[in-house]
Amino acid sequence: MSSRPSAKVPSDPGRLPMTLPLLMEKKRLGEPIVMVTAYDYPSARAAEAGGVDLVLVGDSAATTVLGYNATTPVDLDDMLVLARAVRRGLRTPLLIGDLPFGSYEVSDEQAITTAMRMVKEAGCEAVKLEGGGEASARRARAIVGAGIPVMGHVGLTPQTSTALGGWKAQGRTAAAASRIASEALALQEVGCFALVFEAIPSAVSEELMELVEIPVIGIGAGPSTDGQVLVFHDLLGIRDGLGPRFVKRYANLQQEMNDGVSAYAEDVRARRYPGPEHTYSIDPAELAELQERLAAR
């Protein structure tokens, strides 16, 4: 048995800030890792209150809060604004910033500069990039070499979904699953601290977990991964439609918001709002003086 001292994982995940050593210790102990996305101060506060371990400022903000139909239109300036807002709402979860499409692919220098901006300007503690091919692995190595932790992402990679045949499960043939395995191991080799497995068969995840030594967070990848991530708007139902197959909806806030705005509009039109309890008073003498002044005009 190793005599190496191990990090102590707090029983209350909200008590101490999450760190990379604590994350590895959770994997070693088999303690599930909880990750969600967040895009603003209120969603960050919800993540903090919920005691999650990791928060990703995902480029999924393009579709969840910015109104695009894909993730590719979001740019670095957008991500920095969102990440800064999330940073102000977090105390204990580890904050990870997505590198948006076009912000790291051109060169190692571009990738390092983008990652540094996410850390320096937004307060992220790590960054995430998509894909495990040769180019992505080179960029990940360069960023890690610059001293910034990197989370990798294999399987369905939304930024390049067109090349993958659309938003659908990946790794459903032996050849495709083998490619994902190669990408995951390549990202591990260049120093990524964790990986995301997205939309791959559960049985494939089980096989790959035998090979991967760093924490793996699944999204549509089955229960064998070290943790799970869901998009904030998916898990709380702040969207139209049911979303991907792997989503479990824990609330239906979109309907509640719709109902709330409708009720407000009805009250205003019926002159039920504002009522006396929503108004401010003025001393009668002051009101009388005001009336005199207005009459004098």
# chains A, B, ... in the order shown; residues from 1 in each chain; ligands from 1
>>> residues_around(residues="segment 243-260 of chain A", least_positions_apart="4", cutoff="9 Å", atoms="only C-alpha atoms", output="PyMOL selection string")
chain A and resi 199+219-222+230-231+233-239+264-265
>>> residues_around(residues="Ala61 of chain A", least_positions_apart="3", cutoff="8 Å", atoms="only C-alpha atoms", output="PDB file with C-alpha atoms, in the first residue's frame")
ATOM      1  CA  TYR A  39     -23.736  31.157 -18.167  1.00  0.00           C
ATOM      2  CA  VAL A  57     -19.081  27.982 -18.971  1.00  0.00           C
ATOM      3  CA  GLY A  58     -19.995  26.093 -22.110  1.00  0.00           C
ATOM      4  CA  THR A  64     -29.207  28.315 -24.594  1.00  0.00           C
ATOM      5  CA  VAL A  65     -28.894  32.054 -23.966  1.00  0.00           C
ATOM      6  CA  LEU A  66     -27.794  33.782 -27.178  1.00  0.00           C
ATOM      7  CA  THR A  71     -22.467  26.545 -30.973  1.00  0.00           C
ATOM      8  CA  VAL A  74     -20.311  32.276 -30.229  1.00  0.00           C
TER       9      VAL A  74
END
>>> closest_residue(among="A:Asp283, A:Thr157, A:Val144, A:Asp40", to="Gly191 of chain A", atoms="only C-alpha atoms")
A:Val144
>>> select_by_dssp(residues="segment 101-146 of chain A", states="helix (DSSP H, G or I)", output="PyMOL selection string")
chain A and resi 108-120+134-145
>>> atom_distance(atom1="atom CA of Ile96 of chain A", atom2="atom CA of Glu134 of chain A")
22.6 Å
>>> residues_around(residues="Val52 of chain A", least_positions_apart="2", cutoff="12 Å", atoms="only C-alpha atoms", output="MDAnalysis selection string")
chainID A and resid 12:18 23 32:38 43:50 54:56 90:95 227:230 232
>>> write_last_selection(atoms="N, CA and C atoms", output="CSV table (one decimal), in the first residue's frame")
chain,number,residue,atom,x,y,z
A,12,ASP,N,-19.1,17.5,2.8
A,12,ASP,CA,-20.0,18.5,2.2
A,12,ASP,C,-19.2,19.2,1.1
A,13,PRO,N,-19.6,18.9,-0.2
A,13,PRO,CA,-18.9,19.5,-1.3
A,13,PRO,C,-18.9,21.0,-1.4
A,14,GLY,N,-19.8,21.6,-0.6
A,14,GLY,CA,-19.8,23.1,-0.6
A,14,GLY,C,-18.9,23.7,0.4
A,15,ARG,N,-18.2,22.9,1.2
A,15,ARG,CA,-17.3,23.5,2.3
A,15,ARG,C,-16.0,24.0,1.8
A,16,LEU,N,-15.3,23.3,0.9
A,16,LEU,CA,-14.0,23.7,0.4
A,16,LEU,C,-14.0,23.8,-1.1
A,17,PRO,N,-13.2,24.7,-1.6
A,17,PRO,CA,-13.1,24.8,-3.1
A,17,PRO,C,-12.6,23.5,-3.7
A,18,MET,N,-13.1,23.2,-4.8
A,18,MET,CA,-12.7,22.0,-5.6
A,18,MET,C,-11.3,22.4,-6.2
A,23,LEU,N,-10.1,16.5,-7.2
A,23,LEU,CA,-10.8,15.8,-8.3
A,23,LEU,C,-10.3,14.4,-8.5
A,32,PRO,N,-18.8,9.9,-7.1
A,32,PRO,CA,-19.2,10.6,-8.3
A,32,PRO,C,-19.0,12.1,-8.4
A,33,ILE,N,-18.6,12.6,-9.5
A,33,ILE,CA,-18.3,14.0,-9.7
A,33,ILE,C,-19.5,14.6,-10.4
A,34,VAL,N,-19.9,15.8,-9.9
A,34,VAL,CA,-21.1,16.5,-10.4
A,34,VAL,C,-20.6,17.7,-11.1
A,35,MET,N,-21.1,17.9,-12.4
A,35,MET,CA,-20.7,19.0,-13.2
A,35,MET,C,-21.9,19.5,-13.9
A,36,VAL,N,-22.1,20.9,-13.9
A,36,VAL,CA,-23.1,21.5,-14.7
A,36,VAL,C,-22.5,22.7,-15.5
A,37,THR,N,-23.3,23.1,-16.5
A,37,THR,CA,-22.9,24.4,-17.1
A,37,THR,C,-23.6,25.6,-16.4
A,38,ALA,N,-23.0,26.7,-16.6
A,38,ALA,CA,-23.6,28.0,-16.1
A,38,ALA,C,-23.2,29.1,-17.1
A,43,SER,N,-27.3,31.5,-12.6
A,43,SER,CA,-27.1,30.1,-12.8
A,43,SER,C,-25.8,29.6,-12.0
A,44,ALA,N,-24.8,30.5,-11.8
A,44,ALA,CA,-23.7,30.2,-11.0
A,44,ALA,C,-24.1,30.0,-9.5
A,45,ARG,N,-25.0,30.9,-9.1
A,45,ARG,CA,-25.4,30.8,-7.7
A,45,ARG,C,-26.2,29.5,-7.4
A,46,ALA,N,-27.0,29.1,-8.4
A,46,ALA,CA,-27.7,27.9,-8.3
A,46,ALA,C,-26.7,26.7,-8.2
A,47,ALA,N,-25.7,26.7,-9.0
A,47,ALA,CA,-24.7,25.7,-9.0
A,47,ALA,C,-24.0,25.7,-7.7
A,48,GLU,N,-23.7,26.8,-7.1
A,48,GLU,CA,-23.0,26.9,-5.8
A,48,GLU,C,-23.9,26.4,-4.7
A,49,ALA,N,-25.2,26.8,-4.8
A,49,ALA,CA,-26.1,26.3,-3.8
A,49,ALA,C,-26.4,24.8,-3.9
A,50,GLY,N,-26.3,24.3,-5.1
A,50,GLY,CA,-26.5,22.8,-5.3
A,50,GLY,C,-25.3,22.0,-4.9
A,54,LEU,N,-17.9,20.8,-10.4
A,54,LEU,CA,-17.3,21.5,-11.5
A,54,LEU,C,-18.4,22.3,-12.2
A,55,VAL,N,-18.0,23.5,-12.7
A,55,VAL,CA,-18.9,24.4,-13.5
A,55,VAL,C,-18.2,24.7,-14.8
A,56,LEU,N,-18.9,24.4,-15.9
A,56,LEU,CA,-18.4,24.7,-17.2
A,56,LEU,C,-19.2,25.9,-17.8
A,90,LEU,N,-19.6,32.2,-8.0
A,90,LEU,CA,-19.0,30.9,-7.5
A,90,LEU,C,-18.0,31.1,-6.4
A,91,ARG,N,-18.0,30.2,-5.5
A,91,ARG,CA,-17.0,30.2,-4.4
A,91,ARG,C,-16.3,28.8,-4.4
A,92,THR,N,-17.0,27.7,-4.5
A,92,THR,CA,-16.3,26.4,-4.3
A,92,THR,C,-16.1,25.6,-5.6
A,93,PRO,N,-17.1,25.5,-6.5
A,93,PRO,CA,-16.8,24.7,-7.7
A,93,PRO,C,-15.6,25.2,-8.5
A,94,LEU,N,-14.9,24.2,-9.2
A,94,LEU,CA,-13.8,24.6,-10.1
A,94,LEU,C,-14.5,25.1,-11.4
A,95,LEU,N,-14.0,26.3,-11.8
A,95,LEU,CA,-14.6,26.9,-13.0
A,95,LEU,C,-13.8,26.6,-14.2
A,227,GLY,N,-18.2,10.8,-13.5
A,227,GLY,CA,-19.1,11.9,-13.1
A,227,GLY,C,-20.1,12.2,-14.3
A,228,GLN,N,-21.0,13.1,-14.1
A,228,GLN,CA,-21.9,13.4,-15.1
A,228,GLN,C,-22.0,15.0,-15.3
A,229,VAL,N,-22.4,15.4,-16.5
A,229,VAL,CA,-22.6,16.8,-16.7
A,229,VAL,C,-23.9,17.0,-17.5
A,230,LEU,N,-24.7,18.0,-17.2
A,230,LEU,CA,-25.9,18.3,-18.0
A,230,LEU,C,-25.8,19.8,-18.2
A,232,PHE,N,-27.4,23.3,-18.0
A,232,PHE,CA,-28.2,24.0,-17.0
A,232,PHE,C,-29.7,24.1,-17.5
>>> closest_residue(among="A:Ala296, A:Val190, A:Ile217, A:Ala174", to="Ala203 of chain A", atoms="only C-alpha atoms")
A:Ala174
>>> atom_distance(atom1="atom CA of Ala142 of chain A", atom2="atom CA of Glu206 of chain A")
29.6 Å
>>> residues_around(residues="Leu187 of chain A", least_positions_apart="3", cutoff="7 Å", atoms="only C-alpha atoms", output="ChimeraX atom specification")
/A:132,137,152,183-184,190-192
>>> select_by_dssp(residues="segment 134-272 of chain A", states="strand (DSSP E or B)", output="JSON list (two decimals) with C-alpha atoms, in the first residue's frame")
[["chain", "number", "residue", "atom", "x", "y", "z"],
["A", 150, "VAL", "CA", -7.07, 21.53, -19.90],
["A", 151, "MET", "CA", -10.16, 19.34, -20.02],
["A", 152, "GLY", "CA", -10.54, 17.33, -23.23],
["A", 153, "HIS", "CA", -13.77, 16.38, -25.00],
["A", 154, "VAL", "CA", -14.34, 13.37, -27.26],
["A", 155, "GLY", "CA", -17.28, 11.59, -28.85],
["A", 194, "ALA", "CA", -10.00, 15.29, -17.25],
["A", 195, "LEU", "CA", -12.14, 14.30, -20.23],
["A", 196, "VAL", "CA", -15.73, 14.67, -21.33],
["A", 197, "PHE", "CA", -17.30, 11.68, -23.11],
["A", 198, "GLU", "CA", -20.36, 12.87, -25.03],
["A", 216, "VAL", "CA", -14.04, 11.22, -17.09],
["A", 217, "ILE", "CA", -17.28, 13.21, -17.08],
["A", 218, "GLY", "CA", -20.07, 11.73, -19.14],
["A", 219, "ILE", "CA", -22.96, 13.34, -20.96],
["A", 227, "GLY", "CA", -19.14, 11.87, -13.14],
["A", 228, "GLN", "CA", -21.93, 13.44, -15.13],
["A", 229, "VAL", "CA", -22.61, 16.83, -16.69],
["A", 230, "LEU", "CA", -25.85, 18.33, -17.96]]
>>> residues_around(residues="segment 210-212 of chain A", least_positions_apart="6", cutoff="9 Å", atoms="only C-alpha atoms", output="list in words")
Ala181, Ala184, Leu185 and Gln188 of chain A
>>> write_last_selection(atoms="N, CA and C atoms", output="mmCIF file, in the first residue's frame")
data_model
loop_
_atom_site.group_PDB
_atom_site.id
_atom_site.type_symbol
_atom_site.label_atom_id
_atom_site.label_comp_id
_atom_site.auth_asym_id
_atom_site.auth_seq_id
_atom_site.Cartn_x
_atom_site.Cartn_y
_atom_site.Cartn_z
ATOM 1 N N ALA A 181 -11.263 6.027 -28.581
ATOM 2 C CA ALA A 181 -10.286 5.551 -27.599
ATOM 3 C C ALA A 181 -8.923 6.177 -27.856
ATOM 4 N N ALA A 184 -9.015 9.840 -26.795
ATOM 5 C CA ALA A 184 -9.019 9.995 -25.342
ATOM 6 C C ALA A 184 -7.623 9.767 -24.763
ATOM 7 N N LEU A 185 -6.965 8.737 -25.253
ATOM 8 C CA LEU A 185 -5.626 8.433 -24.736
ATOM 9 C C LEU A 185 -4.621 9.484 -25.167
ATOM 10 N N GLN A 188 -5.083 12.383 -22.842
ATOM 11 C CA GLN A 188 -4.503 12.033 -21.547
ATOM 12 C C GLN A 188 -2.988 12.142 -21.601
#
>>> closest_residue(among="A:Ala122, A:Gln170, A:Ala177, A:Arg138", to="Glu189 of chain A", atoms="only C-alpha atoms")
A:Arg138
